[in-house]
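*Asks:* So here's target_14.cif (mmCIF, C-alpha atoms and all ligand atoms).
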data_work
loop_
_atom_site.label_atom_id
_atom_site.label_comp_id
_atom_site.auth_asym_id
_atom_site.auth_seq_id
_atom_site.Cartn_x
_atom_site.Cartn_y
_atom_site.Cartn_z
CA MET A 256 -12.85 -46.13 121.64
CA PRO A 257 -12.60 -43.26 119.09
CA THR A 258 -13.95 -39.90 120.22
CA PRO A 259 -15.34 -37.29 117.78
CA GLU A 260 -11.80 -35.84 117.62
CA THR A 261 -9.98 -39.08 116.73
CA PRO A 262 -10.62 -40.10 113.13
CA ILE A 263 -11.76 -43.71 112.74
CA GLU A 264 -9.22 -45.73 110.82
CA GLY A 265 -10.26 -46.28 107.24
CA VAL A 266 -12.90 -43.53 107.06
CA ALA A 267 -10.73 -41.25 104.91
CA ALA A 268 -10.45 -44.00 102.26
CA ARG A 269 -14.26 -44.43 102.25
CA GLN A 270 -14.75 -40.66 101.97
CA ALA A 271 -12.45 -40.67 98.96
CA ALA A 272 -14.34 -43.66 97.47
CA LEU A 273 -17.55 -41.64 97.85
CA ARG A 274 -16.02 -38.73 95.92
CA ILE A 275 -14.65 -41.05 93.22
CA LEU A 276 -18.04 -42.67 92.69
CA ASP A 277 -19.72 -39.27 92.53
CA ALA A 278 -17.19 -38.03 89.94
CA VAL A 279 -17.77 -41.10 87.78
CA LEU A 280 -21.55 -41.39 88.02
CA ARG A 281 -22.59 -37.76 88.21
CA ARG A 282 -19.81 -36.01 86.31
CA GLY A 283 -19.00 -38.77 83.82
CA GLN A 284 -15.28 -38.86 84.66
CA THR A 285 -12.97 -41.83 84.04
CA MET A 286 -11.81 -43.74 87.11
CA ASP A 287 -8.25 -42.57 86.47
CA ASN A 288 -9.31 -38.91 86.61
CA ALA A 289 -11.80 -39.47 89.40
CA ALA A 290 -9.07 -41.14 91.48
CA GLN A 291 -7.58 -37.65 91.90
CA ALA A 292 -10.20 -37.37 94.66
CA ALA A 293 -7.92 -39.59 96.75
CA ARG A 294 -4.92 -37.29 96.24
CA GLY A 295 -3.07 -36.59 99.46
CA LEU A 296 -4.03 -39.89 101.11
CA PRO A 297 -1.32 -42.44 101.95
CA PRO A 298 -0.89 -44.75 98.90
CA ALA A 299 -2.54 -47.73 100.63
CA ASP A 300 -5.66 -45.64 101.43
CA ALA A 301 -5.79 -44.20 97.90
CA ALA A 302 -5.56 -47.72 96.45
CA LEU A 303 -8.31 -48.88 98.83
CA ALA A 304 -10.56 -45.97 97.80
CA SER A 305 -10.19 -46.88 94.10
CA ALA A 306 -10.72 -50.57 94.83
CA ILE A 307 -13.94 -49.87 96.76
CA ALA A 308 -15.29 -47.57 94.03
CA GLY A 309 -14.34 -50.14 91.37
CA GLU A 310 -16.01 -53.04 93.21
CA THR A 311 -19.14 -50.89 93.58
CA LEU A 312 -19.28 -50.13 89.85
CA ARG A 313 -18.91 -53.85 89.03
CA ARG A 314 -22.27 -54.62 90.60
CA LEU A 315 -24.23 -51.37 90.89
CA PRO A 316 -27.67 -52.54 89.60
CA ASP A 317 -27.65 -55.58 91.91
CA LEU A 318 -26.47 -53.53 94.90
CA ASP A 319 -29.33 -51.10 94.30
CA ALA A 320 -31.82 -53.95 94.12
CA LEU A 321 -30.55 -55.25 97.48
CA ILE A 322 -30.84 -51.79 99.04
CA ASP A 323 -34.34 -51.22 97.65
CA GLY A 324 -35.43 -54.61 98.95
CA ALA A 325 -34.34 -53.72 102.48
CA THR A 326 -36.16 -50.39 102.98
CA ARG A 327 -39.54 -48.89 102.14
CA GLN A 328 -37.93 -45.46 101.76
CA ILE A 329 -37.22 -44.28 98.26
CA LEU A 330 -33.56 -43.29 98.08
CA PRO A 331 -32.72 -41.04 95.11
CA ASP A 332 -29.89 -42.36 92.90
CA ASP A 333 -27.51 -39.62 93.96
CA SER A 334 -28.44 -39.55 97.66
CA LYS A 335 -25.57 -39.93 100.08
CA ALA A 336 -27.34 -42.70 101.98
CA ARG A 337 -27.63 -44.83 98.82
CA THR A 338 -24.01 -44.20 97.86
CA VAL A 339 -22.72 -45.07 101.33
CA LEU A 340 -24.80 -48.27 101.32
CA ARG A 341 -23.53 -49.21 97.87
CA LEU A 342 -19.93 -48.75 98.99
CA ALA A 343 -20.39 -50.73 102.19
CA LEU A 344 -22.10 -53.68 100.49
CA ALA A 345 -19.53 -53.73 97.68
CA GLN A 346 -16.74 -53.95 100.26
CA LYS A 347 -18.33 -57.00 101.81
CA ILE A 348 -19.02 -58.77 98.50
CA GLY A 349 -15.98 -57.70 96.49
CA LEU A 350 -13.26 -57.24 99.09
CA GLY A 351 -14.42 -59.44 101.97
CA THR A 352 -14.32 -56.55 104.49
CA PRO A 353 -15.53 -57.74 107.96
CA ASP A 354 -19.01 -56.52 109.01
CA HIS A 355 -17.79 -54.46 111.99
CA ALA A 356 -15.24 -52.59 109.85
CA LEU A 357 -17.70 -51.73 107.10
CA VAL A 358 -20.36 -50.53 109.55
CA ALA A 359 -17.80 -48.51 111.56
CA THR A 360 -16.49 -46.80 108.42
CA ALA A 361 -19.90 -46.25 106.78
CA LEU A 362 -21.74 -44.53 109.63
CA PRO A 363 -19.39 -41.52 110.00
CA LEU A 364 -20.10 -40.66 106.34
CA VAL A 365 -23.74 -39.77 107.08
CA ASP A 366 -25.57 -37.80 109.77
CA GLY A 367 -29.00 -37.74 111.37
CA GLY A 368 -31.89 -39.59 109.70
CA PRO A 369 -29.78 -41.01 106.85
CA ARG A 370 -27.36 -42.42 109.44
CA ARG A 371 -30.16 -44.33 111.15
CA LEU A 372 -31.36 -45.53 107.75
CA VAL A 373 -27.90 -46.71 106.68
CA HIS A 374 -27.43 -48.47 110.03
CA GLY A 375 -30.83 -50.15 109.73
CA VAL A 376 -30.42 -51.29 106.10
CA LEU A 377 -26.89 -52.57 106.66
CA GLY A 378 -27.98 -54.42 109.81
CA THR A 379 -30.89 -56.09 108.00
CA LEU A 380 -28.82 -57.13 104.98
CA LEU A 381 -25.79 -58.33 106.93
CA ARG A 382 -27.97 -60.43 109.25
CA LYS A 383 -29.68 -62.05 106.26
CA GLY A 384 -26.36 -62.69 104.50
CA LEU A 385 -25.36 -61.16 101.15
CA PRO A 386 -25.43 -62.96 97.79
CA THR A 387 -22.03 -63.63 96.20
CA MET A 388 -23.06 -61.84 92.95
CA GLU A 389 -20.98 -64.04 90.65
CA ALA A 390 -22.80 -62.68 87.58
CA PRO A 391 -24.05 -59.19 88.47
CA ARG A 392 -26.32 -57.36 86.07
CA LEU A 393 -24.87 -54.67 83.80
CA PRO A 394 -26.58 -51.27 83.35
CA GLU A 395 -29.93 -51.86 81.63
CA LEU A 396 -29.05 -49.81 78.55
CA VAL A 397 -25.88 -51.83 77.99
CA GLU A 398 -27.64 -55.17 78.44
CA GLU A 399 -30.25 -54.13 75.87
CA ARG A 400 -27.63 -52.93 73.40
CA TRP A 401 -25.35 -55.97 73.72
CA GLY A 402 -28.31 -58.35 73.82
CA ALA A 403 -29.50 -56.96 70.48
CA ALA A 404 -26.01 -56.96 68.95
CA TRP A 405 -24.52 -60.22 70.29
CA GLY A 406 -27.29 -62.21 72.00
CA GLU A 407 -28.14 -63.17 75.56
CA GLN A 408 -25.28 -65.66 75.94
CA VAL A 409 -22.76 -62.88 75.44
CA VAL A 410 -24.58 -60.67 77.96
CA GLU A 411 -24.45 -63.53 80.48
CA ALA A 412 -20.73 -64.02 79.81
CA ALA A 413 -20.18 -60.27 80.29
CA ARG A 414 -22.00 -60.48 83.65
CA ARG A 415 -19.68 -63.26 84.77
CA ALA A 416 -16.67 -61.33 83.48
CA ILE A 417 -17.44 -58.09 85.32
CA ALA A 418 -17.59 -59.85 88.70
CA HIS A 419 -13.80 -60.20 88.94
CA ARG A 420 -10.66 -58.32 88.09
CA PRO A 421 -9.10 -60.09 85.09
CA PRO A 422 -5.66 -61.74 85.00
CA LEU A 423 -2.66 -59.79 83.77
CA ASP A 424 -1.33 -60.28 80.24
CA LEU A 425 2.32 -59.56 79.46
CA THR A 426 3.63 -58.98 75.93
CA PHE A 427 7.34 -59.73 75.53
CA ALA A 428 9.86 -57.86 73.42
CA SER A 429 11.55 -61.07 72.28
CA ASP A 430 10.85 -64.80 71.86
CA GLU A 431 13.84 -65.59 74.10
CA ALA A 432 12.60 -63.48 77.04
CA CYS A 433 9.13 -65.02 76.71
CA GLU A 434 10.43 -68.58 76.60
CA ALA A 435 12.68 -67.97 79.60
CA TYR A 436 9.78 -66.58 81.70
CA THR A 437 8.64 -69.20 84.17
CA GLN A 438 5.35 -67.66 85.40
CA GLY A 439 1.87 -68.08 83.90
CA VAL A 440 0.67 -69.59 80.62
CA SER A 441 1.29 -68.52 77.05
CA LEU A 442 -1.75 -68.18 74.76
CA ALA A 443 0.04 -66.58 71.80
CA PRO A 444 3.61 -65.91 70.67
CA ARG A 445 5.45 -63.50 73.00
CA HIS A 446 2.57 -63.67 75.50
CA ARG A 447 2.18 -64.86 79.08
CA ARG A 448 -0.86 -64.60 81.32
CA ILE A 449 -0.31 -64.37 85.06
CA ASP A 450 -2.59 -64.06 88.06
CA HIS A 451 -1.32 -60.91 89.72
CA HIS A 452 -3.09 -57.89 91.18
CA GLY A 453 -0.34 -55.99 93.00
CA SER A 454 2.32 -53.58 91.82
CA ILE A 455 3.81 -54.59 88.47
CA THR A 456 7.20 -53.01 89.08
CA ASP A 457 8.07 -55.89 91.47
CA LEU A 458 7.53 -58.55 88.81
CA PRO A 459 10.61 -60.20 87.32
CA GLY A 460 11.74 -58.66 84.05
CA PHE A 461 10.11 -55.25 84.63
CA ASP A 462 13.34 -53.34 85.28
CA ALA A 463 15.05 -55.11 82.39
CA GLY A 464 12.18 -53.93 80.15
CA GLN A 465 11.50 -57.46 78.88
CA TRP A 466 7.71 -57.01 78.74
CA TRP A 467 4.81 -54.61 79.09
CA ILE A 468 1.21 -54.97 80.23
CA GLN A 469 -1.26 -55.44 77.38
CA ASP A 470 -4.50 -57.38 77.29
CA LEU A 471 -4.09 -60.29 74.86
CA ALA A 472 -7.00 -58.94 72.74
CA SER A 473 -5.26 -55.59 72.49
CA SER A 474 -2.10 -57.26 71.18
CA LEU A 475 -3.93 -58.69 68.14
CA PRO A 476 -3.91 -55.65 65.77
CA ALA A 477 -0.12 -55.30 65.69
CA ARG A 478 0.09 -59.05 64.98
CA LEU A 479 -1.88 -58.37 61.76
CA ILE A 480 0.79 -56.02 60.33
CA PRO A 481 2.72 -58.02 57.71
CA GLY A 482 6.35 -58.79 58.59
CA SER A 483 7.29 -57.51 55.11
CA ALA A 484 6.20 -53.92 55.96
CA THR A 485 9.30 -51.80 56.60
CA THR A 486 7.79 -48.41 57.44
CA VAL A 487 4.79 -48.47 59.80
CA LEU A 488 2.76 -45.56 61.16
CA ASP A 489 1.06 -46.11 64.51
CA ALA A 490 -1.51 -43.34 64.05
CA CYS A 491 -3.02 -43.17 67.57
CA ALA A 492 -0.07 -44.56 69.41
CA ALA A 493 0.04 -43.56 73.07
CA PRO A 494 0.78 -45.00 75.61
CA GLY A 495 2.51 -47.30 73.16
CA GLY A 496 1.62 -50.98 73.68
CA LYS A 497 1.28 -51.50 69.94
CA THR A 498 4.24 -49.23 69.07
CA MET A 499 6.43 -51.44 71.26
CA GLN A 500 5.13 -54.62 69.60
CA LEU A 501 5.85 -53.16 66.17
CA ALA A 502 9.31 -51.89 67.14
CA ALA A 503 10.13 -55.23 68.77
CA THR A 504 9.32 -57.07 65.52
CA GLY A 505 11.79 -54.93 63.59
CA HIS A 506 9.55 -52.39 61.83
CA GLU A 507 10.62 -48.75 61.38
CA VAL A 508 7.87 -47.17 63.46
CA THR A 509 6.49 -43.63 63.50
CA ALA A 510 4.33 -43.18 66.59
CA LEU A 511 1.84 -40.31 66.29
CA ASP A 512 -0.54 -39.04 68.94
CA ARG A 513 -2.22 -35.71 69.54
CA SER A 514 -1.64 -35.85 73.30
CA GLU A 515 1.79 -34.63 74.32
CA SER A 516 1.52 -36.04 77.84
CA ARG A 517 0.43 -39.47 76.61
CA LEU A 518 3.24 -39.44 74.05
CA ALA A 519 5.68 -38.68 76.91
CA ARG A 520 4.46 -41.91 78.56
CA LEU A 521 5.07 -43.71 75.26
CA SER A 522 8.66 -42.38 75.20
CA ASP A 523 9.19 -43.59 78.80
CA ASN A 524 7.86 -47.01 77.82
CA LEU A 525 10.22 -47.18 74.83
CA LYS A 526 13.13 -46.19 77.06
CA ARG A 527 12.34 -48.88 79.64
CA THR A 528 12.03 -51.58 76.97
CA ASN A 529 15.03 -50.27 75.01
CA LEU A 530 12.98 -50.04 71.80
CA LYS A 531 13.05 -47.31 69.16
CA ALA A 532 10.35 -45.33 67.35
CA LYS A 533 10.10 -41.85 65.89
CA THR A 534 7.48 -39.85 67.81
CA VAL A 535 5.23 -37.11 66.39
CA VAL A 536 2.83 -34.93 68.40
CA ALA A 537 0.06 -34.04 65.95
CA ASP A 538 -3.66 -34.30 65.32
CA ALA A 539 -4.19 -37.02 62.73
CA LEU A 540 -7.14 -35.03 61.39
CA ASP A 541 -4.83 -32.31 60.07
CA TRP A 542 -1.39 -33.96 59.82
CA THR A 543 -0.03 -35.27 56.52
CA PRO A 544 3.05 -37.48 56.19
CA GLY A 545 5.89 -36.66 53.76
CA ASN A 546 5.74 -40.17 52.26
CA PRO A 547 3.17 -42.98 52.39
CA PHE A 548 3.84 -45.99 54.64
CA ASP A 549 4.02 -49.72 53.96
CA ALA A 550 1.46 -50.12 56.74
CA VAL A 551 -0.66 -47.94 59.00
CA LEU A 552 -2.13 -49.09 62.32
CA LEU A 553 -5.14 -47.04 63.42
CA ASP A 554 -6.03 -47.95 67.02
CA ALA A 555 -8.76 -45.37 67.11
CA PRO A 556 -10.20 -43.54 70.12
CA CYS A 557 -13.49 -45.23 71.03
CA SER A 558 -16.09 -45.76 73.74
CA ALA A 559 -13.72 -48.40 75.23
CA THR A 560 -16.66 -50.54 76.33
CA GLY A 561 -14.55 -53.66 75.68
CA THR A 562 -12.39 -52.78 78.68
CA PHE A 563 -15.29 -53.05 81.16
CA ARG A 564 -13.58 -55.78 83.21
CA ARG A 565 -10.77 -53.41 84.23
CA HIS A 566 -12.76 -50.17 83.86
CA PRO A 567 -16.36 -50.91 84.83
CA GLU A 568 -17.12 -47.17 84.68
CA VAL A 569 -17.05 -47.29 80.85
CA LEU A 570 -20.49 -48.89 80.98
CA TYR A 571 -21.89 -45.77 82.64
CA ARG A 572 -20.00 -43.29 80.46
CA ALA A 573 -20.59 -44.80 77.01
CA ARG A 574 -24.09 -43.50 76.33
CA PRO A 575 -25.44 -43.78 72.77
CA ALA A 576 -24.41 -40.19 71.96
CA ILE A 577 -20.78 -40.94 72.95
CA VAL A 578 -20.78 -44.09 70.81
CA ALA A 579 -22.16 -42.13 67.84
CA GLN A 580 -19.56 -39.36 68.30
CA SER A 581 -16.72 -41.89 68.49
CA ALA A 582 -17.98 -43.68 65.38
CA GLU A 583 -18.00 -40.38 63.47
CA LEU A 584 -14.43 -39.57 64.57
CA GLN A 585 -13.30 -43.08 63.57
CA ALA A 586 -14.81 -42.58 60.09
CA GLN A 587 -12.84 -39.33 59.70
CA LEU A 588 -9.60 -40.88 60.95
CA LEU A 589 -10.03 -43.92 58.68
CA ALA A 590 -10.62 -41.68 55.65
CA ARG A 591 -7.35 -39.85 56.32
CA ALA A 592 -5.25 -42.88 57.25
CA ALA A 593 -6.39 -44.65 54.06
CA ASP A 594 -4.53 -42.05 51.99
CA TRP A 595 -1.24 -42.64 53.85
CA VAL A 596 -0.85 -46.28 52.76
CA LYS A 597 1.21 -47.27 49.68
CA PRO A 598 -0.62 -49.28 47.00
CA GLY A 599 -0.38 -52.93 48.08
CA GLY A 600 0.15 -51.80 51.69
CA SER A 601 -1.89 -52.54 54.82
CA LEU A 602 -4.26 -50.53 56.98
CA VAL A 603 -5.12 -52.21 60.27
CA PHE A 604 -8.09 -50.72 62.12
CA ALA A 605 -8.75 -51.48 65.78
CA VAL A 606 -11.05 -50.44 68.62
CA CYS A 607 -11.41 -51.76 72.19
CA SER A 608 -15.17 -51.45 71.84
CA LEU A 609 -18.09 -53.87 71.96
CA GLU A 610 -20.30 -51.59 69.85
CA PRO A 611 -20.85 -52.72 66.22
CA GLU A 612 -21.13 -49.03 65.19
CA GLU A 613 -17.45 -48.66 66.07
CA GLY A 614 -16.33 -51.95 64.51
CA GLU A 615 -18.23 -53.97 61.91
CA GLN A 616 -20.35 -51.05 60.68
CA ARG A 617 -17.29 -48.77 60.38
CA ILE A 618 -15.48 -51.27 58.19
CA GLU A 619 -18.48 -52.13 56.01
CA GLN A 620 -18.99 -48.39 55.39
CA PHE A 621 -15.28 -47.89 54.71
CA LEU A 622 -15.26 -50.68 52.11
CA THR A 623 -18.22 -49.01 50.37
CA ASP A 624 -16.49 -45.60 50.42
CA ARG A 625 -13.08 -46.94 49.39
CA PRO A 626 -13.28 -49.49 46.57
CA ASP A 627 -9.48 -49.37 46.45
CA TYR A 628 -9.42 -51.43 49.69
CA ARG A 629 -10.30 -55.06 50.46
CA ILE A 630 -10.27 -57.11 53.65
CA GLU A 631 -7.38 -59.48 54.13
CA PRO A 632 -8.80 -62.42 56.11
CA ALA A 633 -7.16 -62.72 59.54
CA SER A 634 -5.86 -66.03 60.85
CA GLU A 635 -6.22 -67.39 64.40
CA LEU A 636 -3.62 -65.21 66.11
CA ALA A 637 -4.24 -66.37 69.68
CA ASP A 638 -5.59 -69.67 71.00
CA GLY A 639 -9.37 -69.74 70.57
CA VAL A 640 -9.76 -66.35 68.82
CA THR A 641 -11.26 -67.50 65.53
CA PRO A 642 -11.76 -64.97 62.72
CA HIS A 643 -15.26 -63.91 61.65
CA PRO A 644 -16.31 -65.20 58.20
CA ARG A 645 -15.96 -61.59 56.91
CA GLY A 646 -12.26 -61.78 57.74
CA TRP A 647 -12.02 -59.53 60.78
CA LEU A 648 -11.44 -60.49 64.41
CA ARG A 649 -14.28 -59.78 66.81
CA VAL A 650 -13.48 -60.60 70.43
CA LEU A 651 -16.53 -61.01 72.66
CA PRO A 652 -17.14 -61.75 76.36
CA GLY A 653 -17.15 -65.52 76.83
CA MET A 654 -14.15 -66.16 74.55
CA LEU A 655 -11.31 -67.96 76.39
CA GLU A 656 -13.47 -67.71 79.53
CA SER A 657 -12.00 -70.77 81.25
CA GLN A 658 -8.55 -69.17 80.95
CA GLY A 659 -9.53 -65.75 82.28
CA GLY A 660 -11.26 -64.19 79.24
CA LEU A 661 -10.31 -61.25 77.05
CA ASP A 662 -11.21 -57.60 76.66
CA GLY A 663 -13.88 -56.94 74.02
CA PHE A 664 -12.16 -55.91 70.81
CA PHE A 665 -12.50 -55.47 67.05
CA THR A 666 -9.72 -55.43 64.47
CA ALA A 667 -9.62 -55.69 60.68
CA HIS A 668 -6.75 -55.92 58.20
CA LEU A 669 -7.43 -53.88 55.04
CA VAL A 670 -5.19 -53.98 51.99
CA ARG A 671 -4.93 -51.14 49.47
CA THR A 672 -5.35 -52.67 46.06
CA GLY A 673 -4.89 -49.64 43.84
C1 LIG B 701 -7.02 -46.28 72.07
S1 LIG B 701 -5.84 -45.08 72.49
C2 LIG B 701 -4.38 -45.74 71.76
C3 LIG B 701 -3.73 -46.86 72.53
C4 LIG B 701 -2.38 -47.26 71.93
N1 LIG B 701 -2.49 -47.60 70.52
C5 LIG B 701 -1.72 -48.40 72.65
O1 LIG B 701 -1.77 -49.55 72.19
O2 LIG B 701 -1.11 -48.17 73.71
C6 LIG B 701 -6.23 -43.79 71.38
C7 LIG B 701 -5.21 -42.68 71.31
O3 LIG B 701 -5.63 -41.82 70.24
C8 LIG B 701 -5.21 -40.51 70.53
N2 LIG B 701 -6.00 -39.61 69.65
C9 LIG B 701 -7.31 -39.33 69.75
N3 LIG B 701 -7.68 -38.51 68.73
C10 LIG B 701 -6.57 -38.31 67.98
C11 LIG B 701 -6.30 -37.54 66.82
N4 LIG B 701 -7.25 -36.83 66.23
N5 LIG B 701 -5.04 -37.54 66.33
C12 LIG B 701 -4.06 -38.25 66.94
N6 LIG B 701 -4.26 -38.98 68.06
C13 LIG B 701 -5.49 -39.01 68.57
C14 LIG B 701 -5.46 -40.37 72.00
O4 LIG B 701 -4.64 -39.35 72.56
C15 LIG B 701 -5.10 -41.77 72.52
O5 LIG B 701 -3.77 -41.80 72.98
#
As structure tokens, please, write out the structure in this file.
*Replies:*
Amino acid sequence: MPTPETPIEGVAARQAALRILDAVLRRGQTMDNAAQAARGLPPADAALASAIAGETLRRLPDLDALIDGATRQILPDDSKARTVLRLALAQKIGLGTPDHALVATALPLVDGGPRRLVHGVLGTLLRKGLPTMEAPRLPELVEERWGAAWGEQVVEAARRAIAHRPPLDLTFASDEACEAYTQGVSLAPRHRRIDHHGSITDLPGFDAGQWWIQDLASSLPARLIPGSATTVLDACAAPGGKTMQLAATGHEVTALDRSESRLARLSDNLKRTNLKAKTVVADALDWTPGNPFDAVLLDAPCSATGTFRRHPEVLYRARPAIVAQSAELQAQLLARAADWVKPGGSLVFAVCSLEPEEGEQRIEQFLTDRPDYRIEPASELADGVTPHPRGWLRVLPGMLESQGGLDGFFTAHLVRTG
């Protein structure tokens, strides 16, 4: 029986989960940055803290509805009692934590009246039995935005998609390594999809640098770069998934990024996979190349709402002002990158966003501003990813759903005509 002096096993991980959730929801941090709140914990506890916070963010609106249905008290959004209840319920639904463990680790996080409240609400809900939440609601603002842009069926598919962590996609450096790989299914050349949620360094082929992790949707833009292009600029390159694809297909790649630390990760990735690229630390808004390139890939910074299956916090961070700011930055980056392409060369634009302002609207505006560019219609680059009639690839929730789905994505191949 633990005394007040002996810490209850697992409470430190829940305390860290509480801090992570607070950093994400109140301070707008990414999960990766917020996970610093678990620094100093043993790795298993730190991983558990992130998993609990992640499972909570997957189903926040539905967890709140459950909580509100079980008490007459009004709990403010940022009250500790509500946060502790959210975390406890998410553990049960998302991680299958036994009732006694989640009650024992929740109660020490609150004192006095809130403790009695948490105990009471948890007791009521656990006795009644919790719903499985196979299609939890998304934040209201996001549902409205995506409903208007893509329709209710896509919103429903996104709800189903956020309930689970997605499978892992591997991109291979060579056809031979991909063909020799025995795990998973292949949905595109040099691709295999596996069901794996543990450490990736234990997977076969990691040490040999045969593959890297990359959502299949995110591998599409580099597949649009013509094989005939010799010199290719990857203009927002780090951590280097697309640089590695380009280098592995034989292009002479210049990888540019304004973040030195992210570019260092790109260099590590190139080293592990034994691939080569020239790296440049610079801000694309004020850098100018010595010579134009045969092709430029602009995988622009964006709201990243397409990555909500792995990073559910993006749905809380990407408010309309952030989307508008990103769209403005993309317009500036596109305007610059367009001048770095040789006549007849290619400019491939990409964003891991589900916001039309950052995809379709960006490209329509670009084609108005730059009559020296046209769209080159994309082909079906991965099973089931059919091009839009305008020629670009728009990847939406619901696509390839029976095989584990895809991140939301937009990419367009533009050719400089003059
Ligand atoms: C979507 S990520 C790129 C992901 C990368 N292409 C990959 O496949 O691994 C966007 C990158 O753009 C970089 N970035 C943002 N603004 C930039 C700018 N003005 N100039 C250069 N790089 C920039 C960020 O540091 C970030 O690494």
*Asks:* Listed atoms of ligand LIG 701 (chain B), axis-aligned box, 4 Å per side: centre and edge lengths to one decimal in Å, as lines of an AutoDock Vina configuration file?
*Replies:*
center_x = -4.4
center_y = -43.2
center_z = 70.0
size_x = 14.6
size_y = 20.7
size_z = 15.5
*Asks:* Using only C-alpha atoms, which of A:Met286, A:Ala336, A:Leu655, A:Val535 sits nearest A:Val640?
*Replies:*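 Of A:Met286, A:Ala336, A:Leu655, A:Val535, the one nearest A:Val640, counting only C-alpha atoms, is A:Leu655.
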*Asks:* Between atom CA of A:Ala443 and atom CA of A:Ala637, what is the spacing in Å?
*Replies:*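 Atom CA of A:Ala637 sits 4.8 Å away from atom CA of A:Ala443.
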*Asks:* Using only C-alpha atoms and all ligand atoms, determine which residues fall within 9 Å of ligand LIG 701 (chain B), then list them as a ChimeraX atom specification.
*Replies:* /A:469,473-474,477,489-500,511-518,521,536-542,552-557,559,584-585,587-588,605-607
*Asks:* For A:Gly561, which of A:Gly614, A:Pro632, A:Gly599, A:Gly545 is the closest residue, counting all atoms listed in the file?
*Replies:*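 Between A:Gly614, A:Pro632, A:Gly599, A:Gly545, the residue approaching A:Gly561 most closely is A:Gly614.
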*Asks:* One decimal, in Å: what's the spacing between atom CA of A:Ala418 and atom CA of A:Val358?
*Replies:* 23.0 Å
*Asks:* Could you produce a table of the residues of stretch 544-646 of chain A lying within 9 Å of stretch 272-279 of chain A, with the nearest pair of atoms per residue and their separation in Å rounded to one decimal, using all atoms listed in the file, ordered by chain and increasing residue number, as CSV?
*Replies:*
residue,atom,partner,partner_atom,distance
A:Glu568,CA,A:Val279,CA,6.8
A:Tyr571,CA,A:Val279,CA,8.1
A:Arg572,CA,A:Val279,CA,8.0
*Asks:* For the atom pair atom CA of A:Leu385 and atom CA of A:Leu321, what is the interatomic distance in Å to one decimal place?
*Replies:*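 Result for atom CA of A:Leu385 versus atom CA of A:Leu321: 8.7 Å, one decimal.
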*Asks:* Could you list, as a ChimeraX atom specification, every residue within 8 Å of stretch 660-671 of chain A, counting all atoms listed in the file and ignoring same-chain residues fewer than 2 positions away?
*Replies:* /A:416,421,470-473,475-476,479-480,560-564,596-609,614-615,618,627-633,646-658,673
*Asks:* Quick one: everything within 10 Å of A:Ser429, counting all atoms listed in the file, minus sequence neighbours fewer than 4 positions away in the same chain. Send it as a PyMOL selection string.
*Replies:* chain A and resi 433-434+444-446+465-466+500+503-504
*Asks:* Given the choices A:Arg414, A:Ala390, A:Arg448, A:Gly482, which gets closest to A:Thr426 if the distance is worked out from all atoms listed in the file?
*Replies:*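 Looking at the shortest contact to A:Thr426, the residue is A:Arg448.
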*Asks:* So, with only C-alpha atoms as the atoms that count, which of A:Leu350, A:Arg341, A:Asp332, A:Trp405 lies closest to A:Leu303?
*Replies:*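 That would be A:Leu350, the residue with the smallest distance to A:Leu303.
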*Asks:* Leaving out A:Gly295 and any residue of its chain fewer than 6 positions from it, which residues lie within 12 Å of it when counting only C-alpha atoms, given as a compact mmCIF listing (two decimals) with C-alpha atoms, in the frame of the given file?
*Replies:*
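And here's around_23.txt as it stands now:
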# COMPACT_ATOMS: atom_id res chain seq x y z
CA ALA A 267 -10.73 -41.25 104.91
CA ALA A 268 -10.45 -44.00 102.26
CA ALA A 271 -12.45 -40.67 98.96
CA ALA A 301 -5.79 -44.20 97.90
CA ALA A 302 -5.56 -47.72 96.45
*Asks:* Determine the nearest neighbour of A:Leu330 from the options A:Pro369, A:Pro363, A:Pro644, A:Pro544, counting only C-alpha atoms.
*Replies:*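 Smallest distance to A:Leu330 is found for A:Pro369.
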